[in-house]
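Some notes on the structure that comes next.
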Amino acid sequence: MIALETRSLYKSFGSLAATRDVSLAFEAGARYAIIGPNGAGKTTYFNLLAGNLRPDSGTVLFAGRDVTGLDVTSRAKIGIARSFQRNNLFSDFTVRDNLMLACALRAGTTRVFWRPMRQTTSAHAEADEVAAQVGLTDVLGTTVRQLSYGSQRQLEVALALACKPQVLLLDEPTSGMSPEETARMHDLINAIPRSLTVIVIEHDMDIVLDIADRIIVLDYGRVLEQGTPTEIRASKVVRQRYLGEPAAGVSGGPRP
Amino acid sequence: MFLDPQFFAEQVLNSLQFSMLLFLLAIGLSVVFGLMDYLNLSHGTIYMFAAYVAFSLTHLGGSFWIALLLAPLAAAAVGVLLYFVLLKRAEKGGHLTQVLLTVGVIYMGTDLIRIAYGDLPKGVPQPEALNGAVVLFGIPYPAYRVFIIGLGLAVMVALYFALERTRLGALVRAGVDDRATAETLGIDIGKVFALVFGIGTYLAGVAGVVAAPVFGVYPGMDASIIILVLIVVVVGGLGSLRGVIVGSLLIGFADTFGKILLPQFAMMMIYLVMALVLIFRPSGLLPARRFSAPG
Amino acid sequence: MMASRTFIRRSVGVALVIVALVAQAFAGFFAQELIAEAAILAIFALSLDLLATCGLISFGHAGLLGVGCYVFAGLTVLMGGSANVAFPIAIVAGAVVAFMVGLFAVRTTGAFFIMVTLAAAEMLFSWGYRSPMFGGANGMGGVPRLNLTAIGIDLNDPATFALTVIVLCIVIWLLLELVVSSPFGRTLAAIRQNPSRVAALGGRVFFYRLAAFTASGAIAALAGALKVQHINFISPDLVSWFVSGDVLIAVVIGGVGTLVGGPLGAALLILLKELLSSTFGHWYLFLGIVFACVALLMPKGIVGNLLDFYERRITRVAASRREPTGDAA
């Protein structure tokens with residue numbers, strides 16, 4: 001079954017064509033990695049999938065339904081959740097409050113104004129559950145601002161997971177992380193249940209080759225190549241354009 | 001009554017004259033707002049200060065022209081001093097702190113003026129050379145008001161060239177457009193801002209001097225105009241010269257013609273224009289900063 | 001930690017309630033008037049701070065106060081209606097007007113929201129200024145107070161009126177404490193911090209902001225209906241941007257987003273104005289100096305800086321027990 005699909009998607013900013021004729025289908029439950037050099041249009045494509053941006057033309061289909069006209073909020077409600085390349089959290093809240101809010105928003109209980117949040121037991125339990133899943137249980141009571149960068153990164157992914165999505169979009173989950181943190185995030189992504197379709201933008205090729213069932217290579221807004229990790233490794237075009245350059249983000253170091 | 005071309009022409013000239021005053025006041029506020037995201041309500045206090053300096057100078061026997069030369073310089077000096085002593089400290093404090101601080105400055109300024117000059121309105125004579133009337137579009141129109149229109153247009157042209165053709169202008173535009181990038185390029189935005197603040201308060205001073213013979217000089221003249229000026233800034237869009245020009249023309253005309261069309265609801269016309277603009281263009285008509293950027 | 005912040009905020013609130021009740025019990029005639037004035041401004045400040053919870057700062061809140069003023073005065077003085085009926089209608093009217101203005105206004109944020117709300121308020125002001133019905137710029141007297149004699153309360157007595165307003169203020173404060181701690185209120189706080197993430201998590205930011213603005217409008221109108229009852233008079237000055245400025249300043253002095261800060265700031269502002277104006281001829285000069293000092297020395301307001309001070313101490317204690325984390329990228 002196809003969970004998410006795009007058909008001839010185009011998006012440009014002024015004269016810059018960020019997404020050009022991208023047609024891709026994502027199988028439900030599979031793991032996808034999108035790679036490509038900086039400026040290849042990866043994040044723009046994510047924004048089009050999540051609904052942060054509207055395409056100039058083309059369609060986005062979710063479980064066969066045309067969702068091109070839906071904004072990011074509506075798409076989150078029907079089961080497309082995303083994390084962000086830069087931490088995008090509620091920095092005055094504790095980790096628990098962040099997660100409880102995400103759970104309450106998903107459950108639709110945030111219109112309740114007549115009883116305290118902490119009495120919303122379902123959100124409480126769900127928040128604890130997600131925290132355990134990503135390994136944030138120890139810091140549940142810590143305010144985000146005082147959290148280490150790596151933990152903030154984990155929370156970034158946890159917020160998306162708390163939406164209980166069918167499709168999870170992770171935008172460079174390991175960016176800026178230390179090797180240990182990267183390894184932990186790697187395990188976390190591997191542990192995501194197969195009921196979810198996961199699409200990751202990632203620079204760390206070790207992670208990409210390990211977790212992805214299929215890899216999509218974007219270049220100048222176009223799909224340069226797609227296939228299994230073995231196929232991508234063997235692809236002449238990709239080797240030339242991307243893997244061939246040792247500098248092209250084989251490590252997980254921070255990007256400029 | 002609009003079938004009467006003479007009447008119509010006169011109202012157009014009145015609108016233009018008021019627009020130019022708004023423009024002189026609004027340009028400094030807009031660039032400061034756009035460049036530093038600083039909501040400086042005390043901008044009008046500088047305008048009032050210059051008007052009183054002009055009053056003192058003419059009262060002591062100086063000519064209007066001397067006042068027009070000196071008072072804006074005094075206004076700029078006080079403005080920059082005010083900036084370094086007080087306003088700069090709330091740069092990172094957000095709009096609310098800035099509102100509190102600059103309302104404080106308004107209160108202080110108004111009472112200091114009261115202490116120095118008393119509560120009664122004062123007059124500043126317009127220059128004798130401009131006492132007559134000029135025939136424009138077939139109607140006689142006070143020469144002094146034509147002078148205001150001419151001065152405003154001259155400042156517009158001068159600022160256009162300053163912003164488009166000079167290095168400082170390029171720095172200001174870069175800073176308004178994307179402050180973080182400008183700073184990484186090694187531009188000292190703090191210095192640019194101080195200079196911009198000086199020029200902005202200088203022009204507010206010019207507005208104070210030329211407005212004095214028309215509207216009189218009185219404590220509270222700052223509060224009565226600052227809201228209009230803010231509206232000009234918001235309608236035009238933050239930080240752009242073209243925005244301020246369009247905004248001041250729109251509000252100047254809305255004010256003048258509002259008073260004729262709906263004398264009961266003259267002010268309402270202005271707010272209606274602003275509400276309509278913001279409903280359809282939430283960032284104003286011609287904002288300097290482009291908000292959408294590739295991700 | 002959040003619980004502690006809440007605890008400190010509420011402690012300040014309880015202290016303020018005690019001070020207000022004690023002051024009211026011992027106050028003379030003139031002080032009762034001041035207390036009532038402060039308590040009304042406190043309610044008004046609460047309504048503004050509810051809006052600030054979702055990150056919106058109104059510079060035209062006097063407009064919503066004015067809806068309460070004009071509807072209450074119109075129904076009672078002009079139409080001869082009962083004050084007890086006019087009061088709830090005025091509150092509903094505030095909510096309705098806020099809803100309609102909010103449909104447009106809450107699409108904007110920051111400085112633009114400030115200006116849109118200002119514009120809306122100034123439209124009402126300029127209408128009131130010219131409206132012959134309400135006496136135009138001169139205003140109109142004869143506004144009656146609520147009639148609670150059926151339950152043995154005579155609101156025409158200054159002390160009783162002041163006490164009643166204080167009690168109303170406490171009730172509204174407690175209600176808002178509940179609201180800000182509720183899932184709805186936490187969503188508002190989340191929107192203040194990061195509206196785009198709330199949207200990405202499936203929260204309709206527009207809806208929450210509109211709801212907050214509407215509720216805020218109802219409370220502001222309630223304050224307005226109390227205001228015209230208190231002074232038995234209505235004039236467009238009640239709607240001018242100076243009134244919007246006053247309440248904004250009260251909230252900033254007390255601490256934006258702290259809920260109790262608004263009433264604290266309101267009480268201090270009224271007290272300060274009274275002290276300065278009875279001591280100095282040119283008291284606005286001193287008021288301006290106080291504003292500048294608060295802005296520069298306590299930019300987060302009294303309660304906000306108190307909370308920060310407390311949090312820094314907690315962090316220091318925690319840091320001494322924890323190993324420093326090395327990799328802040």
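Starting from 1 in every chain, residues are counted up; chains themselves are A, B, ... following the order of the structure tokens, and ligands are numbered from 1 as listed.
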
- Message: Residues of chain A were defined as contacting chain C if any atom lay at most 8 Å from it, counting only C-alpha atoms; please report them as a PyMOL selection string.
- Response: chain A and resi 72-77+81-82+88-94+101-102+104-106+109-118+120+141-143+148-149+159-160+163+176-178+254

- Task: May I ask you to extract the residues of chain A within 8 Å of chain B, using only C-alpha atoms, and to give them as a ChimeraX atom specification?
- Result: /A:13,18,43-44,47

Export N, CA and C atoms of the chosen residues as an mmCIF file, in the first residue's frame?
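Final output, saved to result.cif:
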data_model
loop_
_atom_site.group_PDB
_atom_site.id
_atom_site.type_symbol
_atom_site.label_atom_id
_atom_site.label_comp_id
_atom_site.auth_asym_id
_atom_site.auth_seq_id
_atom_site.Cartn_x
_atom_site.Cartn_y
_atom_site.Cartn_z
ATOM 1 N N PHE A 13 11.296 29.395 -5.755
ATOM 2 C CA PHE A 13 11.354 30.661 -5.029
ATOM 3 C C PHE A 13 11.991 31.663 -5.970
ATOM 4 N N ALA A 18 13.371 24.977 -6.562
ATOM 5 C CA ALA A 18 13.822 24.174 -5.430
ATOM 6 C C ALA A 18 13.351 22.727 -5.547
ATOM 7 N N THR A 43 14.836 19.876 2.125
ATOM 8 C CA THR A 43 13.923 20.447 3.114
ATOM 9 C C THR A 43 12.692 21.049 2.446
ATOM 10 N N THR A 44 12.885 21.630 1.274
ATOM 11 C CA THR A 44 11.733 22.160 0.540
ATOM 12 C C THR A 44 10.746 21.028 0.229
ATOM 13 N N ASN A 47 8.915 20.237 3.295
ATOM 14 C CA ASN A 47 7.901 21.256 3.568
ATOM 15 C C ASN A 47 6.671 21.052 2.692
#

Would you list which chain B residues are within 8 Å of chain C using only C-alpha atoms, as a PDB file with C-alpha atoms, in the first residue's frame?
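Now in result-v6.pdb:
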ATOM      1  CA  ARG B  89      19.359  49.615  26.825  1.00  0.00           C
ATOM      2  CA  ALA B  90      15.962  48.268  25.803  1.00  0.00           C
ATOM      3  CA  GLY B  93      13.919  43.850  25.605  1.00  0.00           C
ATOM      4  CA  HIS B  95       8.277  45.733  22.148  1.00  0.00           C
ATOM      5  CA  LEU B  96       6.665  45.884  25.571  1.00  0.00           C
ATOM      6  CA  THR B  97       9.747  47.079  27.396  1.00  0.00           C
ATOM      7  CA  GLN B  98      10.269  49.578  24.594  1.00  0.00           C
ATOM      8  CA  LEU B 100       7.102  51.259  28.694  1.00  0.00           C
ATOM      9  CA  LEU B 101      10.442  53.019  28.319  1.00  0.00           C
ATOM     10  CA  THR B 102       9.413  55.326  25.495  1.00  0.00           C
ATOM     11  CA  VAL B 103       6.056  56.182  27.080  1.00  0.00           C
ATOM     12  CA  GLY B 104       8.163  57.111  30.103  1.00  0.00           C
ATOM     13  CA  VAL B 105      10.216  59.374  27.845  1.00  0.00           C
ATOM     14  CA  ILE B 106       7.012  60.921  26.444  1.00  0.00           C
ATOM     15  CA  TYR B 107       5.802  61.701  29.974  1.00  0.00           C
ATOM     16  CA  MET B 108       9.162  63.139  30.990  1.00  0.00           C
ATOM     17  CA  GLY B 109       9.461  65.180  27.808  1.00  0.00           C
ATOM     18  CA  THR B 110       5.962  66.605  28.051  1.00  0.00           C
ATOM     19  CA  ASP B 111       6.385  67.670  31.653  1.00  0.00           C
ATOM     20  CA  LEU B 112       9.856  69.115  31.079  1.00  0.00           C
ATOM     21  CA  ILE B 115       8.066  73.278  33.250  1.00  0.00           C
ATOM     22  CA  LEU B 230       2.757  54.810  13.500  1.00  0.00           C
ATOM     23  CA  ILE B 231      -0.169  54.152  11.204  1.00  0.00           C
ATOM     24  CA  VAL B 234       2.497  50.136   9.476  1.00  0.00           C
ATOM     25  CA  GLN B 264     -18.399  63.237  11.912  1.00  0.00           C
ATOM     26  CA  PHE B 265     -15.966  60.410  11.496  1.00  0.00           C
ATOM     27  CA  ALA B 266     -12.809  62.013  10.157  1.00  0.00           C
ATOM     28  CA  MET B 267     -10.447  59.901  12.217  1.00  0.00           C
ATOM     29  CA  MET B 268     -12.400  56.780  11.450  1.00  0.00           C
ATOM     30  CA  TYR B 271      -8.309  53.656  10.803  1.00  0.00           C
ATOM     31  CA  LEU B 272     -10.546  52.159   8.183  1.00  0.00           C
ATOM     32  CA  MET B 274      -5.319  50.984   7.927  1.00  0.00           C
ATOM     33  CA  ALA B 275      -7.595  48.101   8.830  1.00  0.00           C
ATOM     34  CA  LEU B 278      -3.660  45.145   7.052  1.00  0.00           C
ATOM     35  CA  ILE B 279      -6.459  42.716   6.301  1.00  0.00           C
ATOM     36  CA  PRO B 282      -0.734  41.986   6.836  1.00  0.00           C
ATOM     37  CA  SER B 283       2.861  43.244   6.458  1.00  0.00           C
TER      38      SER B 283
END

- Could you give me, as a ChimeraX atom specification, the residues within 6 Å of range 215-230 of chain C, counting only C-alpha atoms and dropping anything in the same chain fewer than 5 positions from it? /C:40,43-44,47,64-69,72,91,94-95,98,143-145

I need the residues from that last selection saved to file as a PDB file, in the first residue's frame (with N, CA and C atoms), if you can.
ATOM      1  N   ILE C  40     -10.706  47.696  39.423  1.00  0.00           N
ATOM      2  CA  ILE C  40     -11.247  47.664  38.058  1.00  0.00           C
ATOM      3  C   ILE C  40     -10.103  47.585  37.045  1.00  0.00           C
ATOM      4  N   ILE C  43      -8.852  44.059  36.977  1.00  0.00           N
ATOM      5  CA  ILE C  43      -9.643  43.150  36.132  1.00  0.00           C
ATOM      6  C   ILE C  43      -9.283  43.356  34.659  1.00  0.00           C
ATOM      7  N   PHE C  44      -9.185  44.627  34.298  1.00  0.00           N
ATOM      8  CA  PHE C  44      -8.825  44.993  32.923  1.00  0.00           C
ATOM      9  C   PHE C  44      -7.446  44.415  32.580  1.00  0.00           C
ATOM     10  N   SER C  47      -7.519  40.759  31.886  1.00  0.00           N
ATOM     11  CA  SER C  47      -8.020  40.455  30.541  1.00  0.00           C
ATOM     12  C   SER C  47      -6.924  40.635  29.501  1.00  0.00           C
ATOM     13  N   LEU C  64     -12.151  47.483  23.786  1.00  0.00           N
ATOM     14  CA  LEU C  64     -13.023  46.437  24.318  1.00  0.00           C
ATOM     15  C   LEU C  64     -13.612  46.868  25.663  1.00  0.00           C
ATOM     16  N   LEU C  65     -12.778  47.564  26.445  1.00  0.00           N
ATOM     17  CA  LEU C  65     -13.307  48.172  27.675  1.00  0.00           C
ATOM     18  C   LEU C  65     -14.456  49.108  27.308  1.00  0.00           C
ATOM     19  N   GLY C  66     -14.234  49.882  26.240  1.00  0.00           N
ATOM     20  CA  GLY C  66     -15.215  50.858  25.801  1.00  0.00           C
ATOM     21  C   GLY C  66     -16.528  50.228  25.357  1.00  0.00           C
ATOM     22  N   VAL C  67     -16.459  49.043  24.771  1.00  0.00           N
ATOM     23  CA  VAL C  67     -17.690  48.348  24.390  1.00  0.00           C
ATOM     24  C   VAL C  67     -18.545  48.139  25.642  1.00  0.00           C
ATOM     25  N   GLY C  68     -17.886  47.684  26.714  1.00  0.00           N
ATOM     26  CA  GLY C  68     -18.604  47.502  27.979  1.00  0.00           C
ATOM     27  C   GLY C  68     -19.188  48.817  28.482  1.00  0.00           C
ATOM     28  N   CYS C  69     -18.372  49.876  28.410  1.00  0.00           N
ATOM     29  CA  CYS C  69     -18.819  51.198  28.860  1.00  0.00           C
ATOM     30  C   CYS C  69     -20.056  51.653  28.090  1.00  0.00           C
ATOM     31  N   PHE C  72     -23.245  49.315  28.375  1.00  0.00           N
ATOM     32  CA  PHE C  72     -23.881  49.440  29.692  1.00  0.00           C
ATOM     33  C   PHE C  72     -24.574  50.791  29.833  1.00  0.00           C
ATOM     34  N   ILE C  91     -21.177  42.405  28.864  1.00  0.00           N
ATOM     35  CA  ILE C  91     -20.091  41.413  28.824  1.00  0.00           C
ATOM     36  C   ILE C  91     -20.165  40.604  27.525  1.00  0.00           C
ATOM     37  N   GLY C  94     -18.991  42.588  24.644  1.00  0.00           N
ATOM     38  CA  GLY C  94     -17.530  42.630  24.572  1.00  0.00           C
ATOM     39  C   GLY C  94     -16.980  41.406  23.874  1.00  0.00           C
ATOM     40  N   ALA C  95     -17.556  40.238  24.211  1.00  0.00           N
ATOM     41  CA  ALA C  95     -17.096  38.997  23.592  1.00  0.00           C
ATOM     42  C   ALA C  95     -17.401  39.013  22.094  1.00  0.00           C
ATOM     43  N   ALA C  98     -15.134  41.470  20.282  1.00  0.00           N
ATOM     44  CA  ALA C  98     -13.775  40.915  20.236  1.00  0.00           C
ATOM     45  C   ALA C  98     -13.694  39.804  19.201  1.00  0.00           C
ATOM     46  N   VAL C 143     -24.984  57.321  35.005  1.00  0.00           N
ATOM     47  CA  VAL C 143     -24.912  55.872  34.834  1.00  0.00           C
ATOM     48  C   VAL C 143     -25.147  55.199  36.193  1.00  0.00           C
ATOM     49  N   PRO C 144     -26.144  54.318  36.271  1.00  0.00           N
ATOM     50  CA  PRO C 144     -26.463  53.694  37.557  1.00  0.00           C
ATOM     51  C   PRO C 144     -25.561  52.498  37.855  1.00  0.00           C
ATOM     52  N   ARG C 145     -25.582  52.077  39.112  1.00  0.00           N
ATOM     53  CA  ARG C 145     -24.835  50.875  39.488  1.00  0.00           C
ATOM     54  C   ARG C 145     -25.782  49.686  39.550  1.00  0.00           C
TER      55      ARG C 145
END

- Task: Please identify all polymer residues within 10 Å of Ser82 in chain C, counting only C-alpha atoms, omitting same-chain residues fewer than 3 positions from it, and present them as a list in words.
- Result: Phe72, Leu75, Thr76, Val77, Met79, Val85, Ala86, Phe87, Pro144, Arg145, Leu146 and Asn147 of chain C

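For range 79-85 of chain B, the residues within 6 Å (counting only C-alpha atoms, excluding itself and residues fewer than 3 positions away along the chain) are B:Ala75, B:Ala76, B:Lys88, B:Gly198, B:Thr201.
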
- Task: Based on DSSP run over this structure's backbone, return all residues of range 159-237 of chain C in alpha helix (DSSP H), as a ChimeraX atom specification.
- Result: /C:159-181,183-193,195-200,205-231

Could those selected residues go to a file with C-alpha atoms, as a JSON list (two decimals), in the first residue's frame?
[["chain", "number", "residue", "atom", "x", "y", "z"],
["C", 159, "ALA", "CA", -16.99, 50.72, 50.65],
["C", 160, "THR", "CA", -19.46, 48.06, 49.50],
["C", 161, "PHE", "CA", -18.77, 48.87, 45.87],
["C", 162, "ALA", "CA", -15.00, 48.61, 46.39],
["C", 163, "LEU", "CA", -15.36, 45.29, 48.19],
["C", 164, "THR", "CA", -17.65, 43.93, 45.49],
["C", 165, "VAL", "CA", -15.17, 44.87, 42.77],
["C", 166, "ILE", "CA", -12.33, 43.25, 44.72],
["C", 167, "VAL", "CA", -14.36, 40.05, 45.07],
["C", 168, "LEU", "CA", -15.17, 40.07, 41.34],
["C", 169, "CYS", "CA", -11.49, 40.57, 40.60],
["C", 170, "ILE", "CA", -10.57, 37.60, 42.81],
["C", 171, "VAL", "CA", -13.17, 35.40, 41.14],
["C", 172, "ILE", "CA", -11.87, 36.32, 37.68],
["C", 173, "TRP", "CA", -8.29, 35.76, 38.78],
["C", 174, "LEU", "CA", -9.11, 32.29, 40.12],
["C", 175, "LEU", "CA", -10.99, 31.43, 36.94],
["C", 176, "LEU", "CA", -8.06, 32.54, 34.83],
["C", 177, "GLU", "CA", -5.61, 30.58, 37.01],
["C", 178, "LEU", "CA", -7.68, 27.54, 36.15],
["C", 179, "VAL", "CA", -7.77, 28.45, 32.48],
["C", 180, "VAL", "CA", -4.00, 29.00, 32.14],
["C", 181, "SER", "CA", -3.28, 25.66, 33.81],
["C", 183, "PRO", "CA", -4.94, 22.11, 28.35],
["C", 184, "PHE", "CA", -6.41, 25.14, 26.58],
["C", 185, "GLY", "CA", -4.24, 27.54, 28.57],
["C", 186, "ARG", "CA", -1.13, 25.43, 28.11],
["C", 187, "THR", "CA", -1.80, 25.49, 24.38],
["C", 188, "LEU", "CA", -1.97, 29.29, 24.53],
["C", 189, "ALA", "CA", 1.38, 29.34, 26.35],
["C", 190, "ALA", "CA", 2.81, 26.98, 23.73],
["C", 191, "ILE", "CA", 1.55, 29.28, 20.96],
["C", 192, "ARG", "CA", 3.32, 32.19, 22.63],
["C", 193, "GLN", "CA", 6.60, 30.30, 22.56],
["C", 195, "PRO", "CA", 3.21, 29.08, 17.09],
["C", 196, "SER", "CA", 4.57, 27.25, 14.05],
["C", 197, "ARG", "CA", 5.29, 24.12, 16.08],
["C", 198, "VAL", "CA", 1.79, 24.14, 17.55],
["C", 199, "ALA", "CA", 0.51, 24.27, 13.98],
["C", 200, "ALA", "CA", 2.80, 21.39, 12.98],
["C", 205, "VAL", "CA", -3.38, 28.53, 16.12],
["C", 206, "PHE", "CA", -5.98, 30.91, 14.72],
["C", 207, "PHE", "CA", -8.75, 29.21, 16.71],
["C", 208, "TYR", "CA", -6.91, 29.43, 20.03],
["C", 209, "ARG", "CA", -5.92, 33.03, 19.49],
["C", 210, "LEU", "CA", -9.45, 33.96, 18.51],
["C", 211, "ALA", "CA", -10.83, 32.19, 21.58],
["C", 212, "ALA", "CA", -8.35, 33.99, 23.85],
["C", 213, "PHE", "CA", -9.17, 37.34, 22.25],
["C", 214, "THR", "CA", -12.92, 36.72, 22.65],
["C", 215, "ALA", "CA", -12.59, 35.74, 26.32],
["C", 216, "SER", "CA", -10.32, 38.71, 26.87],
["C", 217, "GLY", "CA", -12.94, 40.95, 25.27],
["C", 218, "ALA", "CA", -15.64, 39.69, 27.62],
["C", 219, "ILE", "CA", -13.50, 40.42, 30.69],
["C", 220, "ALA", "CA", -12.44, 43.82, 29.36],
["C", 221, "ALA", "CA", -16.08, 44.73, 28.75],
["C", 222, "LEU", "CA", -16.91, 43.61, 32.27],
["C", 223, "ALA", "CA", -14.22, 45.98, 33.55],
["C", 224, "GLY", "CA", -15.70, 48.70, 31.34],
["C", 225, "ALA", "CA", -19.22, 48.18, 32.68],
["C", 226, "LEU", "CA", -17.78, 48.43, 36.20],
["C", 227, "LYS", "CA", -15.81, 51.54, 35.27],
["C", 228, "VAL", "CA", -18.85, 53.54, 34.15],
["C", 229, "GLN", "CA", -20.72, 52.36, 37.23],
["C", 230, "HIS", "CA", -17.89, 53.48, 39.43],
["C", 231, "ILE", "CA", -17.66, 57.01, 38.07]]
